[in-house]
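Novice: Got my_file-v7.pdb for you, PDB, C-alpha atoms, pLDDT in the B column:
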```pdb
ATOM      1  CA  MET A   1      -9.730  12.996  -1.506  1.00 34.00           C
ATOM      2  CA  LEU A   2     -10.238  16.495  -2.865  1.00 29.00           C
ATOM      3  CA  ASN A   3     -13.229  17.143  -0.602  1.00 34.00           C
ATOM      4  CA  GLU A   4     -11.203  15.965   2.375  1.00 43.00           C
ATOM      5  CA  THR A   5      -8.312  18.100   1.232  1.00 39.00           C
ATOM      6  CA  GLN A   6     -10.475  21.201   0.953  1.00 34.00           C
ATOM      7  CA  GLN A   7     -11.727  20.685   4.488  1.00 39.00           C
ATOM      8  CA  GLU A   8      -8.289  20.132   5.995  1.00 46.00           C
ATOM      9  CA  ARG A   9      -6.514  22.834   3.992  1.00 46.00           C
ATOM     10  CA  THR A  10      -8.172  25.374   6.289  1.00 39.00           C
ATOM     11  CA  GLY A  11      -6.231  23.856   9.171  1.00 43.00           C
ATOM     12  CA  SER A  12      -9.276  22.840  11.170  1.00 35.00           C
ATOM     13  CA  SER A  13     -11.061  19.592  11.800  1.00 33.00           C
ATOM     14  CA  PRO A  14     -14.678  19.489  10.564  1.00 30.00           C
ATOM     15  CA  VAL A  15     -15.546  17.430  13.649  1.00 31.00           C
ATOM     16  CA  LEU A  16     -13.621  19.018  16.509  1.00 31.00           C
ATOM     17  CA  GLY A  17     -12.940  22.470  15.095  1.00 34.00           C
ATOM     18  CA  THR A  18      -9.388  22.400  16.474  1.00 42.00           C
ATOM     19  CA  PRO A  19      -6.231  23.346  14.557  1.00 54.00           C
ATOM     20  CA  LYS A  20      -4.440  20.408  13.001  1.00 77.00           C
ATOM     21  CA  THR A  21      -1.171  20.105  11.139  1.00 93.00           C
ATOM     22  CA  ASN A  22      -0.964  17.790   8.148  1.00 96.00           C
ATOM     23  CA  ILE A  23       2.122  15.572   7.998  1.00 97.00           C
ATOM     24  CA  LEU A  24       2.948  13.595   4.875  1.00 98.00           C
ATOM     25  CA  LEU A  25       4.996  10.656   6.164  1.00 98.00           C
ATOM     26  CA  HIS A  26       6.909   8.735   3.495  1.00 98.00           C
ATOM     27  CA  LEU A  27       8.587   5.371   4.054  1.00 98.00           C
ATOM     28  CA  SER A  28      11.374   4.177   1.773  1.00 97.00           C
ATOM     29  CA  GLY A  29      12.966   0.736   1.752  1.00 94.00           C
ATOM     30  CA  SER A  30      14.726   0.060   5.052  1.00 92.00           C
ATOM     31  CA  ILE A  31      14.522  -2.502   7.835  1.00 92.00           C
ATOM     32  CA  SER A  32      13.850   0.466  10.134  1.00 94.00           C
ATOM     33  CA  CYS A  33      10.414   1.038   8.576  1.00 96.00           C
ATOM     34  CA  PHE A  34       8.877  -0.402  11.735  1.00 95.00           C
ATOM     35  CA  LYS A  35       9.928   2.767  13.578  1.00 97.00           C
ATOM     36  CA  ALA A  36       7.660   4.781  11.297  1.00 97.00           C
ATOM     37  CA  CYS A  37       4.676   3.067  12.906  1.00 97.00           C
ATOM     38  CA  THR A  38       5.780   4.355  16.297  1.00 97.00           C
ATOM     39  CA  LEU A  39       6.266   7.871  14.949  1.00 98.00           C
ATOM     40  CA  ALA A  40       2.921   7.837  13.125  1.00 98.00           C
ATOM     41  CA  SER A  41       1.185   6.710  16.302  1.00 97.00           C
ATOM     42  CA  MET A  42       2.809   9.491  18.322  1.00 97.00           C
ATOM     43  CA  LEU A  43       1.790  12.074  15.726  1.00 97.00           C
ATOM     44  CA  VAL A  44      -1.819  10.905  15.630  1.00 97.00           C
ATOM     45  CA  LYS A  45      -2.055  10.870  19.431  1.00 96.00           C
ATOM     46  CA  GLU A  46      -0.911  14.508  19.495  1.00 94.00           C
ATOM     47  CA  GLY A  47      -3.588  15.531  17.009  1.00 94.00           C
ATOM     48  CA  PHE A  48      -1.671  15.641  13.729  1.00 96.00           C
ATOM     49  CA  ASN A  49      -3.266  14.452  10.497  1.00 96.00           C
ATOM     50  CA  VAL A  50      -0.952  11.822   9.010  1.00 97.00           C
ATOM     51  CA  GLN A  51      -0.998  10.646   5.408  1.00 97.00           C
ATOM     52  CA  THR A  52       1.470   7.870   4.665  1.00 98.00           C
ATOM     53  CA  THR A  53       3.068   7.127   1.328  1.00 97.00           C
ATOM     54  CA  THR A  54       5.521   4.330   0.660  1.00 97.00           C
ATOM     55  CA  SER A  55       7.941   3.093  -1.939  1.00 96.00           C
ATOM     56  CA  GLU A  56       7.455  -0.410  -3.316  1.00 94.00           C
ATOM     57  CA  THR A  57      10.520  -1.608  -1.409  1.00 95.00           C
ATOM     58  CA  ALA A  58       9.204  -0.235   1.882  1.00 97.00           C
ATOM     59  CA  LEU A  59       6.298  -2.657   1.565  1.00 96.00           C
ATOM     60  CA  LYS A  60       8.822  -5.513   1.699  1.00 95.00           C
ATOM     61  CA  PHE A  61       9.456  -4.522   5.309  1.00 94.00           C
ATOM     62  CA  ILE A  62       6.027  -3.401   6.533  1.00 95.00           C
ATOM     63  CA  GLY A  63       2.424  -3.894   5.477  1.00 94.00           C
ATOM     64  CA  THR A  64      -0.129  -1.245   4.654  1.00 96.00           C
ATOM     65  CA  ALA A  65      -2.582  -2.505   7.287  1.00 97.00           C
ATOM     66  CA  SER A  66      -0.415  -1.270  10.165  1.00 95.00           C
ATOM     67  CA  LEU A  67      -0.003   2.213   8.710  1.00 97.00           C
ATOM     68  CA  GLU A  68      -3.658   2.496   7.769  1.00 97.00           C
ATOM     69  CA  GLY A  69      -4.780   1.319  11.188  1.00 97.00           C
ATOM     70  CA  ILE A  70      -2.648   3.959  12.892  1.00 97.00           C
ATOM     71  CA  SER A  71      -3.344   6.901  10.582  1.00 97.00           C
ATOM     72  CA  GLY A  72      -6.933   6.118   9.657  1.00 96.00           C
ATOM     73  CA  ARG A  73      -6.017   6.828   6.029  1.00 96.00           C
ATOM     74  CA  ARG A  74      -5.294   4.641   3.054  1.00 95.00           C
ATOM     75  CA  VAL A  75      -1.588   4.301   2.244  1.00 96.00           C
ATOM     76  CA  ILE A  76      -0.750   5.805  -1.147  1.00 96.00           C
ATOM     77  CA  THR A  77       1.993   4.044  -3.094  1.00 95.00           C
ATOM     78  CA  ASP A  78       1.390   4.745  -6.764  1.00 91.00           C
ATOM     79  CA  LEU A  79       1.856   7.871  -8.856  1.00 90.00           C
ATOM     80  CA  PHE A  80      -0.709   6.543 -11.324  1.00 85.00           C
ATOM     81  CA  GLY A  81      -3.802   5.042  -9.764  1.00 68.00           C
ATOM     82  CA  GLY A  82      -4.631   3.674  -6.348  1.00 70.00           C
ATOM     83  CA  THR A  83      -6.579   6.791  -5.334  1.00 78.00           C
ATOM     84  CA  PRO A  84      -9.611   8.669  -6.679  1.00 81.00           C
ATOM     85  CA  ASP A  85      -7.381  11.736  -7.011  1.00 87.00           C
ATOM     86  CA  PRO A  86      -5.838  11.757 -10.513  1.00 87.00           C
ATOM     87  CA  THR A  87      -2.886  13.896  -9.364  1.00 92.00           C
ATOM     88  CA  PRO A  88      -1.988  12.898  -5.798  1.00 94.00           C
ATOM     89  CA  HIS A  89       1.528  14.351  -6.132  1.00 94.00           C
ATOM     90  CA  ILE A  90       0.028  17.801  -6.717  1.00 95.00           C
ATOM     91  CA  THR A  91      -2.774  17.557  -4.172  1.00 94.00           C
ATOM     92  CA  LEU A  92      -0.613  16.225  -1.359  1.00 96.00           C
ATOM     93  CA  SER A  93       2.331  18.572  -1.897  1.00 96.00           C
ATOM     94  CA  GLN A  94       0.614  21.814  -2.862  1.00 95.00           C
ATOM     95  CA  ARG A  95      -2.797  21.663  -1.178  1.00 94.00           C
ATOM     96  CA  TRP A  96      -2.578  19.331   1.806  1.00 95.00           C
ATOM     97  CA  ALA A  97       0.786  18.887   3.520  1.00 96.00           C
ATOM     98  CA  HIS A  98       2.209  21.365   6.013  1.00 96.00           C
ATOM     99  CA  LEU A  99       5.397  19.279   6.320  1.00 97.00           C
ATOM    100  CA  ILE A 100       6.801  16.382   4.297  1.00 98.00           C
ATOM    101  CA  LEU A 101       8.920  13.836   6.162  1.00 98.00           C
ATOM    102  CA  ALA A 102      10.748  10.846   4.696  1.00 98.00           C
ATOM    103  CA  TYR A 103      11.247   8.461   7.620  1.00 98.00           C
ATOM    104  CA  PRO A 104      13.244   6.371   6.891  1.00 98.00           C
ATOM    105  CA  ALA A 105      15.088   7.885   3.931  1.00 98.00           C
ATOM    106  CA  SER A 106      17.230   5.236   2.245  1.00 97.00           C
ATOM    107  CA  ALA A 107      20.434   5.898   0.321  1.00 97.00           C
ATOM    108  CA  ASN A 108      18.494   5.240  -2.870  1.00 97.00           C
ATOM    109  CA  LEU A 109      15.879   7.838  -1.956  1.00 98.00           C
ATOM    110  CA  LEU A 110      18.452  10.508  -1.100  1.00 98.00           C
ATOM    111  CA  ASN A 111      20.339   9.944  -4.349  1.00 98.00           C
ATOM    112  CA  ARG A 112      17.157   9.953  -6.421  1.00 98.00           C
ATOM    113  CA  LEU A 113      15.893  13.191  -4.856  1.00 98.00           C
ATOM    114  CA  ALA A 114      19.270  14.870  -5.355  1.00 98.00           C
ATOM    115  CA  ALA A 115      19.109  13.892  -9.018  1.00 98.00           C
ATOM    116  CA  GLY A 116      15.622  15.405  -9.351  1.00 97.00           C
ATOM    117  CA  LEU A 117      14.034  12.123 -10.423  1.00 97.00           C
ATOM    118  CA  CYS A 118      10.251  12.017 -10.330  1.00 95.00           C
ATOM    119  CA  ASP A 119       9.220   8.732 -11.917  1.00 94.00           C
ATOM    120  CA  ASP A 120       7.651   7.581  -8.652  1.00 96.00           C
ATOM    121  CA  LEU A 121       5.132   9.122  -6.269  1.00 96.00           C
ATOM    122  CA  PHE A 122       7.485  10.629  -3.698  1.00 98.00           C
ATOM    123  CA  GLY A 123       9.885  12.048  -6.262  1.00 98.00           C
ATOM    124  CA  ALA A 124       6.960  13.756  -7.973  1.00 97.00           C
ATOM    125  CA  ILE A 125       5.648  15.023  -4.626  1.00 98.00           C
ATOM    126  CA  CYS A 126       9.001  16.604  -3.796  1.00 98.00           C
ATOM    127  CA  LEU A 127       9.366  18.284  -7.188  1.00 97.00           C
ATOM    128  CA  ALA A 128       5.791  19.565  -7.099  1.00 97.00           C
ATOM    129  CA  ASN A 129       6.349  20.890  -3.581  1.00 97.00           C
ATOM    130  CA  ASN A 130       9.509  22.764  -4.674  1.00 97.00           C
ATOM    131  CA  PHE A 131      10.220  23.537  -0.991  1.00 96.00           C
ATOM    132  CA  HIS A 132       7.010  25.530  -0.472  1.00 96.00           C
ATOM    133  CA  VAL A 133       6.516  23.479   2.690  1.00 96.00           C
ATOM    134  CA  PRO A 134       9.394  21.987   4.692  1.00 97.00           C
ATOM    135  CA  LEU A 135      10.960  18.754   3.462  1.00 98.00           C
ATOM    136  CA  TRP A 136      12.606  16.695   6.198  1.00 98.00           C
ATOM    137  CA  LEU A 137      14.692  13.602   5.447  1.00 98.00           C
ATOM    138  CA  ALA A 138      15.772  11.071   8.083  1.00 98.00           C
ATOM    139  CA  PRO A 139      18.539   8.850   6.654  1.00 98.00           C
ATOM    140  CA  ALA A 140      18.783   5.172   7.552  1.00 96.00           C
ATOM    141  CA  MET A 141      21.376   2.813   6.081  1.00 95.00           C
ATOM    142  CA  ASN A 142      24.544   0.793   6.632  1.00 91.00           C
ATOM    143  CA  SER A 143      27.446   2.874   7.951  1.00 93.00           C
ATOM    144  CA  ASP A 144      29.566   2.374   4.809  1.00 90.00           C
ATOM    145  CA  MET A 145      26.636   3.385   2.627  1.00 92.00           C
ATOM    146  CA  TYR A 146      26.135   6.465   4.781  1.00 95.00           C
ATOM    147  CA  ALA A 147      29.837   7.343   4.421  1.00 94.00           C
ATOM    148  CA  HIS A 148      29.832   6.913   0.641  1.00 97.00           C
ATOM    149  CA  PRO A 149      30.735  10.079  -1.303  1.00 98.00           C
ATOM    150  CA  ALA A 150      27.596   9.771  -3.439  1.00 98.00           C
ATOM    151  CA  VAL A 151      25.352   9.852  -0.376  1.00 98.00           C
ATOM    152  CA  HIS A 152      27.238  12.763   1.192  1.00 97.00           C
ATOM    153  CA  ALA A 153      27.078  14.695  -2.072  1.00 98.00           C
ATOM    154  CA  SER A 154      23.340  14.065  -2.266  1.00 98.00           C
ATOM    155  CA  ILE A 155      22.810  15.224   1.319  1.00 98.00           C
ATOM    156  CA  GLN A 156      24.805  18.396   0.707  1.00 98.00           C
ATOM    157  CA  ARG A 157      22.896  19.128  -2.485  1.00 98.00           C
ATOM    158  CA  LEU A 158      19.514  18.572  -0.868  1.00 98.00           C
ATOM    159  CA  GLU A 159      20.451  20.799   2.081  1.00 98.00           C
ATOM    160  CA  SER A 160      21.622  23.532  -0.301  1.00 98.00           C
ATOM    161  CA  TRP A 161      18.194  23.453  -1.917  1.00 98.00           C
ATOM    162  CA  GLY A 162      16.424  23.808   1.432  1.00 97.00           C
ATOM    163  CA  ALA A 163      15.804  20.281   2.695  1.00 98.00           C
ATOM    164  CA  VAL A 164      16.346  19.496   6.369  1.00 98.00           C
ATOM    165  CA  VAL A 165      18.448  16.323   6.605  1.00 98.00           C
ATOM    166  CA  LEU A 166      18.288  14.936  10.118  1.00 98.00           C
ATOM    167  CA  PRO A 167      21.350  13.322  11.697  1.00 97.00           C
ATOM    168  CA  THR A 168      21.660   9.590  12.162  1.00 96.00           C
ATOM    169  CA  GLU A 169      22.391   7.790  15.382  1.00 89.00           C
ATOM    170  CA  GLU A 170      25.437   5.647  16.063  1.00 78.00           C
ATOM    171  CA  GLY A 171      24.791   2.114  17.212  1.00 75.00           C
ATOM    172  CA  ARG A 172      24.242  -1.476  16.191  1.00 72.00           C
ATOM    173  CA  LEU A 173      22.759  -1.723  12.707  1.00 66.00           C
ATOM    174  CA  ALA A 174      20.568  -4.462  11.266  1.00 68.00           C
ATOM    175  CA  CYS A 175      23.551  -5.851   9.343  1.00 69.00           C
ATOM    176  CA  GLY A 176      25.387  -6.428  12.631  1.00 70.00           C
ATOM    177  CA  THR A 177      27.965  -3.666  12.317  1.00 79.00           C
ATOM    178  CA  ILE A 178      28.231  -0.759  14.734  1.00 75.00           C
ATOM    179  CA  GLY A 179      28.463   2.762  13.381  1.00 65.00           C
ATOM    180  CA  GLN A 180      26.604   5.757  11.992  1.00 84.00           C
ATOM    181  CA  GLY A 181      23.534   5.340   9.824  1.00 83.00           C
ATOM    182  CA  ARG A 182      20.957   4.241  12.382  1.00 91.00           C
ATOM    183  CA  LEU A 183      17.572   5.926  11.964  1.00 95.00           C
ATOM    184  CA  LEU A 184      16.934   8.707  14.460  1.00 97.00           C
ATOM    185  CA  ALA A 185      14.597   7.513  17.216  1.00 97.00           C
ATOM    186  CA  PRO A 186      10.887   8.362  16.812  1.00 98.00           C
ATOM    187  CA  GLU A 187      10.895  10.176  20.161  1.00 98.00           C
ATOM    188  CA  THR A 188      13.734  12.427  18.996  1.00 98.00           C
ATOM    189  CA  VAL A 189      12.006  13.245  15.713  1.00 98.00           C
ATOM    190  CA  MET A 190       8.770  13.930  17.580  1.00 97.00           C
ATOM    191  CA  ALA A 191      10.557  16.408  19.843  1.00 96.00           C
ATOM    192  CA  LEU A 192      12.027  18.187  16.816  1.00 96.00           C
ATOM    193  CA  LEU A 193       8.614  18.378  15.157  1.00 95.00           C
ATOM    194  CA  ARG A 194       7.051  19.868  18.279  1.00 93.00           C
ATOM    195  CA  LYS A 195       9.625  22.677  18.193  1.00 93.00           C
ATOM    196  CA  ALA A 196       9.219  23.282  14.472  1.00 92.00           C
ATOM    197  CA  LEU A 197       5.409  23.233  14.173  1.00 86.00           C
TER     198      LEU A 197
END
```
Any chance you could put this one into structure tokens?

Specialist:
Amino acid sequence: MLNETQQERTGSSPVLGTPKTNILLHLSGSISCFKACTLASMLVKEGFNVQTTTSETALKFIGTASLEGISGRRVITDLFGGTPDPTPHITLSQRWAHLILAYPASANLLNRLAAGLCDDLFGAICLANNFHVPLWLAPAMNSDMYAHPAVHASIQRLESWGAVVLPTEEGRLACGTIGQGRLLAPETVMALLRKAL
């Protein structure tokens, strides 16, 4: 991974010689994980390098084969092991990524990041990044969870530190209720990324 990282850190492809932006795409536990496949596919088609990471709960909703088939890269899930790189949280955050995007970002993820926890891969990535590259978070959860004071406090804290917390959509949720908390559509996120990068 380090050799690959050294090649891509320059911002050019060793094959095509064209500029490429590296997106670290993290999936946390949500039924809307399937939308991350659509977003990853759109990113790859537009020439972005995409490295996916997932929480353990995300893998309850989607398999690694889909993400690996789209990105052409092995999904990284573990802070300790699972990759030849002994410190993937450092390499990915400080030497590889140009933007870090949690899509979807569950209530659990938002609260953990706001507490500064780093006992899993993505928490360690975010602390090691320390906002040197943009951190975008796309919430996805039940409307009552989204309205909970703990979640709002976490969002406000993360934004005050420099994170970009994307809005949610209003609509029918997986639980059957209608309200805020629906994950922003991949096409909308893609349009925002085009403007930002």

Novice: Would you list the contacts of Ile70 of chain A as a VMD selection string, taking every protein, DNA or RNA residue within 9 Å and counting only C-alpha atoms, but skipping same-chain residues closer than 2 positions in sequence?

Specialist: chain A and resid 37 40 to 41 44 50 65 to 68 72 to 73

Novice: Between atom CA of Val164 of chain A and atom CA of Pro134 of chain A, what is the distance in Å, rounded to a tenth?

Specialist: 7.6 Å

Novice: To one decimal in Å, tell me the separation between atom CA of Ala191 of chain A and atom CA of Leu27 of chain A.

Specialist: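 Spanning atom CA of Ala191 of chain A to atom CA of Leu27 of chain A is a straight-line distance of 19.4 Å.
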
Novice: Could you tell me which of A:Ala150, A:Cys126, A:Met190, A:Leu197 comes closest to Thr38 of chain A if we count only C-alpha atoms?

Specialist: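 Distance minimum relative to Thr38 of chain A lands on A:Met190.
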
Novice: Expand the PyMOL selection byres ((chain A and resi 99-110) around 7) into the individual residues it matches in the shown file, reporting them as an MDAnalysis selection string.

Specialist: chainID A and resid 22:30 32:33 36 97:98 111:114 133:141 151 154:155 183

Novice: Rounded to one decimal, what separation in Å do you get between atom CA of Leu193 of chain A and atom CA of Gly171 of chain A?

Specialist: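 These two atoms are separated by 23.0 Å.
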
Novice: Between A:Lys45, A:His89, A:Arg172, A:His152, which has the minimum distance to Lys20 of chain A (counting only C-alpha atoms)?

Specialist: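 Among the listed residues, A:Lys45 lies closest to Lys20 of chain A.
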
Novice: Which residue, A:Thr83, A:Thr57, A:Thr52, A:Gln94, has the smallest gap to Gly69 of chain A when you use all atoms listed in the file?

Specialist: A:Thr52
